[in-house]
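Student: Quick one: the structure is below, and I'll ask about it shortly.
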Amino acid sequence: MIDFFNLAVQYLPELFLTALKYTLPLTAISFFFGLIFASLTALVRVAKLPQNEWAAALLQIVKWIANAYVWFFRSTPLIVQLFIVFYGLPNAHIALFQSAWVSAITVFSLNTGAYASETIRASISSVPEVQKQAAESLGMTRAQVYLYVVLPQAARISIPPLSNSLIGLLKDTSLASVITIVEIFYLSQQIAAANYKVLSMYILVAMVYAFFTSILSIGQHYLEKYTSRFAQ
């Protein structure tokens with residue numbers, strides 16, 4: 001127990017600093033772009049086909065692409081996606097993904113976007129159709145209906161599952177260690193290899209993850225409490 005306490009005093013500051021420098025920025029950037037991908041994908045998938053044949057055909061193609069994107073990233077393991085982008089694409093002479101950070105942000109963003117798009121799509125679909133019809137009867141355009149009626153309600157409904165996605169993404173960033181990003185799990189492996197305190201180091205890194213996920217969970221609770229005022 002004394003050895004573990006000494007290790008905690010020695011290495012916890014370094015682990016927290018690494019989390020602030022690498023793990024949290026990777027999570028925040030990936031989630032930001034993931035929400036953009038998710039929102040665009042969800043809006044495409046719920047969009048109704050226009051009467052114009054050419055526009056309808058074009059939108060249908062975009063819908064197929066969106067469906068294929070969601071299917072692929074939900075059907076394959078995250079670690080496999082990381083290996084394809086970081087190790088596979090550079091081997092195919094796509095130099096952009098030789099950067100571990102670019103590869104990680106790309107994969108985490110697209111993966112999060114695929115899952116979050118289902119959340120947003122379901123939230124949009126949960127808004128009663130009668131509200132959309134009522135808004136249109138007041139003279140609102142379809143864009144105004146979505147902007148002022150549908151999306152505010154969908155945003156409130158989607159907060160709990162999207163918050164869970166953010167917490168899951170924070171933990172999933174530990175997989176970035178397999179493509180050489182020195183986040184907290186990678187650092188704990190390096191320290192454990194040097195001091196042979198494998199179990200203790202993994203417990204310490206678990207404590208760091210638990211600390212940050214607990215903060216996010218508390219933030220989720222207060223955000224849900226705040227937005228629930230507008231549910232009436």
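Ordering of the structure tokens sets the chain letters (A, B, ...); residue numbers start at 1 within each chain; ligands are numbered from 1 in the order shown.
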Can you list, as a PyMOL selection string, all residues belonging to stretch 91-125 of chain A that DSSP tags as alpha helix (DSSP H)?
Tutor: chain A and resi 91+100-125
Student: Taking N, CA and C atoms for each residue, export the selection above as a JSON list (two decimals), in the first residue's frame.
Tutor:
[["chain", "number", "residue", "atom", "x", "y", "z"],
["A", 91, "ASN", "N", 0.50, 3.43, -46.65],
["A", 91, "ASN", "CA", 1.07, 2.38, -47.49],
["A", 91, "ASN", "C", 0.53, 2.46, -48.92],
["A", 100, "ALA", "N", 0.05, 10.82, -36.86],
["A", 100, "ALA", "CA", -0.78, 10.05, -35.94],
["A", 100, "ALA", "C", -1.97, 10.87, -35.46],
["A", 101, "TRP", "N", -1.76, 12.18, -35.24],
["A", 101, "TRP", "CA", -2.85, 13.03, -34.77],
["A", 101, "TRP", "C", -3.93, 13.19, -35.82],
["A", 102, "VAL", "N", -3.53, 13.40, -37.06],
["A", 102, "VAL", "CA", -4.52, 13.52, -38.13],
["A", 102, "VAL", "C", -5.32, 12.21, -38.26],
["A", 103, "SER", "N", -4.63, 11.10, -38.20],
["A", 103, "SER", "CA", -5.30, 9.80, -38.31],
["A", 103, "SER", "C", -6.26, 9.58, -37.16],
["A", 104, "ALA", "N", -5.81, 9.86, -35.94],
["A", 104, "ALA", "CA", -6.66, 9.65, -34.76],
["A", 104, "ALA", "C", -7.89, 10.53, -34.79],
["A", 105, "ILE", "N", -7.70, 11.83, -35.07],
["A", 105, "ILE", "CA", -8.84, 12.75, -35.11],
["A", 105, "ILE", "C", -9.81, 12.35, -36.21],
["A", 106, "THR", "N", -9.29, 11.94, -37.36],
["A", 106, "THR", "CA", -10.15, 11.52, -38.47],
["A", 106, "THR", "C", -11.00, 10.32, -38.08],
["A", 107, "VAL", "N", -10.36, 9.31, -37.53],
["A", 107, "VAL", "CA", -11.09, 8.08, -37.19],
["A", 107, "VAL", "C", -12.06, 8.32, -36.05],
["A", 108, "PHE", "N", -11.61, 8.96, -34.98],
["A", 108, "PHE", "CA", -12.50, 9.20, -33.85],
["A", 108, "PHE", "C", -13.68, 10.08, -34.25],
["A", 109, "SER", "N", -13.44, 11.07, -35.09],
["A", 109, "SER", "CA", -14.53, 11.96, -35.53],
["A", 109, "SER", "C", -15.55, 11.20, -36.37],
["A", 110, "LEU", "N", -15.06, 10.44, -37.34],
["A", 110, "LEU", "CA", -15.97, 9.69, -38.21],
["A", 110, "LEU", "C", -16.72, 8.61, -37.44],
["A", 111, "ASN", "N", -16.03, 7.94, -36.53],
["A", 111, "ASN", "CA", -16.68, 6.90, -35.73],
["A", 111, "ASN", "C", -17.75, 7.50, -34.83],
["A", 112, "THR", "N", -17.40, 8.58, -34.15],
["A", 112, "THR", "CA", -18.38, 9.25, -33.29],
["A", 112, "THR", "C", -19.55, 9.78, -34.10],
["A", 113, "GLY", "N", -19.24, 10.35, -35.28],
["A", 113, "GLY", "CA", -20.29, 10.88, -36.13],
["A", 113, "GLY", "C", -21.27, 9.82, -36.58],
["A", 114, "ALA", "N", -20.77, 8.62, -36.87],
["A", 114, "ALA", "CA", -21.66, 7.54, -37.32],
["A", 114, "ALA", "C", -22.65, 7.16, -36.22],
["A", 115, "TYR", "N", -22.15, 6.99, -35.00],
["A", 115, "TYR", "CA", -23.04, 6.61, -33.90],
["A", 115, "TYR", "C", -23.95, 7.77, -33.49],
["A", 116, "ALA", "N", -23.38, 8.98, -33.40],
["A", 116, "ALA", "CA", -24.17, 10.13, -32.97],
["A", 116, "ALA", "C", -25.23, 10.50, -34.00],
["A", 117, "SER", "N", -24.99, 10.19, -35.27],
["A", 117, "SER", "CA", -25.99, 10.51, -36.30],
["A", 117, "SER", "C", -27.28, 9.74, -36.05],
["A", 118, "GLU", "N", -27.17, 8.52, -35.55],
["A", 118, "GLU", "CA", -28.37, 7.74, -35.23],
["A", 118, "GLU", "C", -29.11, 8.38, -34.06],
["A", 119, "THR", "N", -28.37, 8.90, -33.10],
["A", 119, "THR", "CA", -28.99, 9.59, -31.97],
["A", 119, "THR", "C", -29.74, 10.83, -32.44],
["A", 120, "ILE", "N", -29.08, 11.63, -33.27],
["A", 120, "ILE", "CA", -29.70, 12.87, -33.75],
["A", 120, "ILE", "C", -30.88, 12.56, -34.66],
["A", 121, "ARG", "N", -30.72, 11.56, -35.53],
["A", 121, "ARG", "CA", -31.82, 11.17, -36.43],
["A", 121, "ARG", "C", -33.05, 10.75, -35.63],
["A", 122, "ALA", "N", -32.82, 9.94, -34.59],
["A", 122, "ALA", "CA", -33.94, 9.49, -33.76],
["A", 122, "ALA", "C", -34.56, 10.65, -33.00],
["A", 123, "SER", "N", -33.74, 11.60, -32.57],
["A", 123, "SER", "CA", -34.26, 12.76, -31.84],
["A", 123, "SER", "C", -35.12, 13.63, -32.76],
["A", 124, "ILE", "N", -34.66, 13.82, -33.99],
["A", 124, "ILE", "CA", -35.45, 14.60, -34.94],
["A", 124, "ILE", "C", -36.77, 13.90, -35.25],
["A", 125, "SER", "N", -36.71, 12.60, -35.43],
["A", 125, "SER", "CA", -37.92, 11.84, -35.76],
["A", 125, "SER", "C", -38.90, 11.78, -34.60]]
Student: Which neighbours of A:Leu15 fall inside 9 Å, counting only C-alpha atoms, when residues of the same chain fewer than 2 positions from it are skipped, and could you give them as a ChimeraX atom specification?
Tutor: /A:11-13,17-20,183-185,187-188,204-205,208
Student: Quick one, how far is atom CA of A:Ala28 from atom CA of A:Ala176?
Tutor: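 Atom-to-atom, atom CA of A:Ala28 to atom CA of A:Ala176, that is 14.2 Å.
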Student: Of the residues A:Phe72, A:Phe212, A:Pro161, A:Lys132, which is the one nearest to A:Leu147, using only C-alpha atoms?
Tutor: A:Lys132
Student: Determine, counting only C-alpha atoms, which protein, DNA and RNA residues have an atom within 12 Å of an atom of A:Ala66; residues of the same chain fewer than 2 positions away are not included. Present the result as a VMD selection string.
Tutor: chain A and resid 37 to 47 59 to 64 68 to 73 110 113 to 114 117 to 118
Student: Pick out the closest residue to A:Val150 from this set: A:Ser126, A:Leu162, A:His221, A:Gly168. Count only C-alpha atoms.
Tutor: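 Of all the options, A:Ser126 lies closest to A:Val150.
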Student: Rounded to one decimal place, report the atom CA of A:Leu170-atom CA of A:Thr27 distance in Å.
Tutor: 5.5 Å
